[in-house]
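Read through the structure below, which is laid out as structure tokens, and then see the notes.
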Amino acid sequence: MAYDFDLFVIGAGSGGVRAARFAAGFGAKVAVAESRYLGGTCVNVGCVPKKLLVYGAHVADELEQAAGFGWTLEEGHFDWGTLIANKNREIERLNAIYRNLLVNSGVTLLQGHARLTGANEVEVEGQRYTAKHILIATGGWPQVPDIPGKELAITSNEAFYLKDLPRRVLVVGGGYIAVEFAGIFQGLGADTTLLYRGDLFLRGFDGSVRTHLKEELEKRGLNLQFNADIQRIDKLEDGSLKATLKDGSELVADCVFYATGRRPMLDNLGLENTGVELDARGYIRVDAQYQTTAPSILAIGDVIGRVQLTPVALAEGMAVARRLFKPEQYRPVDYQNIPTAVFSQPPIGTVGLTEEQALEAGHKVQVFESRFRAMKLTLTDIQEKTLMKLVVDADTDKVLGCHMVGPDAGEIIQGLGIALKAGATKQQFDETIGVHPTAAEEFVTMRTVTR
């Protein structure tokens, strides 16, 4: 059978665009359908705008530290509208780049909602197209618990477009998005409370990292409330919001921001017209080659619920393109030792196993841990401390995990990710000469086992 396209991609986010571009580069006839914005969550309402807002919030730290270096500054004034307008302009520039990347690669770009009408057929705005392979890369969507007043809350989707910076913000959630936005709002001047139903945020991260970040956020004046959850939200006469907690206590804020999880974006996708099945969590079920239970349909990225990170979606998109159209270059995605950053304030960088994971896996573990005040702060009154930690297998000397909380953690951990991927040992870390004076050199100068 002759098809209109060799590959039809639904969703122009990071993974979908990568798969489409490279498939076209390998000679395939490719189409991409997108109903919202080019670049997906990451470019529009995720990693990129979030990092820009983090930079904006961090300026307050730089201003506070300036006096110690001899700078006398007039009282500064922050304007939320200027930051958001500049952010919007940058996102529009990136949208245009994504469009050019697709079009210049020879990809047919269809702007509209795509719906599956069969195993090899997609409908976009009333027009039907056939394809030998269909790739679902529709990503995820934030969700708010079904409580009275849920419509009064916002998510990360709306936070990037707030007209004004709220004076009082209640952030609900314990994942990295909640922690990052709490730091953004507080750093930009809002009175911020972070509410989480568990004992301690960032479940799944190393225990030392979680505890250290908690202590540093408290130093900064962020109001942390654990083992707490909202029962309902009500709007008061003055326009503010009252959150009633399950223990009966009340919190009043101008904005209630929910970051309590994301769901796969499958709305009106037409999966019922195919043999595609979902797993127990509601994500699309795929095999090791991202093949769904319908042989002609594949899926990658957040919609399959594996590792929900932009670089992972990019790697999955590349793997699909190679396997289908350049099999001699195919290699599977390695999900081990994926470096990760949380752009909290201070930020987290981590790669490899946590101490808890290493012990659970049966390793005999040596921990090397260091806490210190960064050199940059020695001329100031700021008492923030950096945490660095190595988790080492005592029998093989292999470094199993590297963890950091402190300035530039994401930048530093990227290089260590290569070392762990290469199987570096603690001896090799010790024999590596440090770059002096830097914080990063602490990773190659820790000699004493903490425990």
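For the structure tokens, the naming scheme is as follows: chains receive sequential letters (A, B, ...) according to their order of presentation, residues are indexed from 1 within each chain, and ligands are indexed from 1 in presentation order.
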Item to complete: Please return as a ChimeraX atom specification: the residues of region 357-439 of chain A that backbone DSSP assigns to strand (DSSP E).
Response: /A:365-372,386-393,399-405
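When CA of Lys398 (chain A) is paired with CA of Gly415 (chain A), their separation reads 16.5 Å.
Between Ala341 (chain A) and the candidates A:Cys47, A:Val444, A:Val103, A:Ile97, the tightest atom-to-atom separation, counting only C-alpha atoms, involves A:Cys47.
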Discussion item. Would you pick out the contacts of Leu353 (chain A) at 6 Å or less, using only C-alpha atoms, so that residues sharing its chain but fewer than 3 positions from it are not included, and give the list as a ChimeraX atom specification?
Written reply: /A:357-358,400-401
Store the residues picked out above, limited to C-alpha atoms, as a PDB file, in the first residue's frame.
```
ATOM      1  CA  GLN A 357      19.328   3.177  46.195  1.00  0.00           C
ATOM      2  CA  ALA A 358      22.891   1.867  46.445  1.00  0.00           C
ATOM      3  CA  LEU A 400      27.934   4.979  42.040  1.00  0.00           C
ATOM      4  CA  GLY A 401      26.505   8.456  42.552  1.00  0.00           C
TER       5      GLY A 401
END
```
Practice prompt. Could you give me, as a list in words, each residue of region 199-245 of chain A that DSSP assigns to alpha helix (DSSP H) when run on this structure's backbone?
Written response: Gly207, Ser208, Val209, Arg210, Thr211, His212, Leu213, Lys214, Glu215, Glu216, Leu217, Glu218 and Lys219 of chain A
Save the residues we just selected, C-alpha atoms, as an mmCIF file, in the first residue's frame?
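Final output, part-v5.cif:
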```cif
data_model
loop_
_atom_site.group_PDB
_atom_site.id
_atom_site.type_symbol
_atom_site.label_atom_id
_atom_site.label_comp_id
_atom_site.auth_asym_id
_atom_site.auth_seq_id
_atom_site.Cartn_x
_atom_site.Cartn_y
_atom_site.Cartn_z
ATOM 1 C CA GLY A 207 18.411 11.870 51.581
ATOM 2 C CA SER A 208 21.328 14.190 52.289
ATOM 3 C CA VAL A 209 20.311 16.388 49.345
ATOM 4 C CA ARG A 210 16.704 16.625 50.518
ATOM 5 C CA THR A 211 17.640 17.507 54.091
ATOM 6 C CA HIS A 212 20.315 19.998 53.070
ATOM 7 C CA LEU A 213 18.001 21.833 50.662
ATOM 8 C CA LYS A 214 15.310 22.015 53.346
ATOM 9 C CA GLU A 215 17.752 23.679 55.718
ATOM 10 C CA GLU A 216 18.945 26.164 53.099
ATOM 11 C CA LEU A 217 15.419 27.106 52.029
ATOM 12 C CA GLU A 218 14.481 27.729 55.636
ATOM 13 C CA LYS A 219 17.516 30.020 55.991
#
```
Worksheet entry | Selection near region 168-173 of chain A, 9 Å with only C-alpha atoms, sequence-local residues under 2 positions removed, as an NGL selection string | :A and (165-166 or 175-179 or 181-182 or 185-186 or 190-197 or 201 or 229-230 or 243 or 251-261)
Write a file of the selected residues as a short mmCIF file (atom, residue, chain, number, x, y, z; two decimals), in the first residue's frame, keeping C-alpha atoms.
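Below is the file that was written, out-v4.cif:
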```cif
data_model
loop_
_atom_site.label_atom_id
_atom_site.label_comp_id
_atom_site.auth_asym_id
_atom_site.auth_seq_id
_atom_site.Cartn_x
_atom_site.Cartn_y
_atom_site.Cartn_z
CA LEU A 165 3.55 39.03 40.54
CA PRO A 166 1.28 37.83 43.38
CA GLY A 175 8.37 17.54 43.33
CA TYR A 176 11.01 19.55 41.53
CA ILE A 177 8.48 21.85 39.81
CA ALA A 178 7.00 22.90 43.16
CA VAL A 179 10.43 23.49 44.71
CA PHE A 181 8.61 27.73 41.53
CA ALA A 182 8.64 28.33 45.27
CA PHE A 185 8.27 33.43 43.58
CA GLN A 186 10.20 34.01 46.79
CA ALA A 190 6.53 37.24 46.93
CA ASP A 191 5.69 35.98 50.41
CA THR A 192 5.83 32.26 49.62
CA THR A 193 4.68 29.10 51.38
CA LEU A 194 5.46 25.59 50.10
CA LEU A 195 2.90 23.00 51.19
CA TYR A 196 3.50 19.27 50.80
CA ARG A 197 1.47 16.32 52.04
CA PHE A 201 9.93 17.07 49.48
CA ASP A 229 -2.81 19.12 52.32
CA ILE A 230 -5.59 21.37 51.04
CA ALA A 243 -7.07 27.49 51.46
CA LEU A 251 -3.96 29.90 54.75
CA VAL A 252 -4.73 33.06 52.78
CA ALA A 253 -2.89 33.89 49.57
CA ASP A 254 -3.30 35.82 46.34
CA CYS A 255 -2.28 32.80 44.25
CA VAL A 256 -2.50 29.05 44.82
CA PHE A 257 -0.06 27.25 42.53
CA TYR A 258 -0.42 23.47 42.13
CA ALA A 259 2.49 21.26 41.08
CA THR A 260 1.18 17.89 42.19
CA GLY A 261 1.83 15.81 39.10
#
```
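Coordinates place CA of Val449 (chain A) at a distance of 19.5 Å from CA of Leu416 (chain A).
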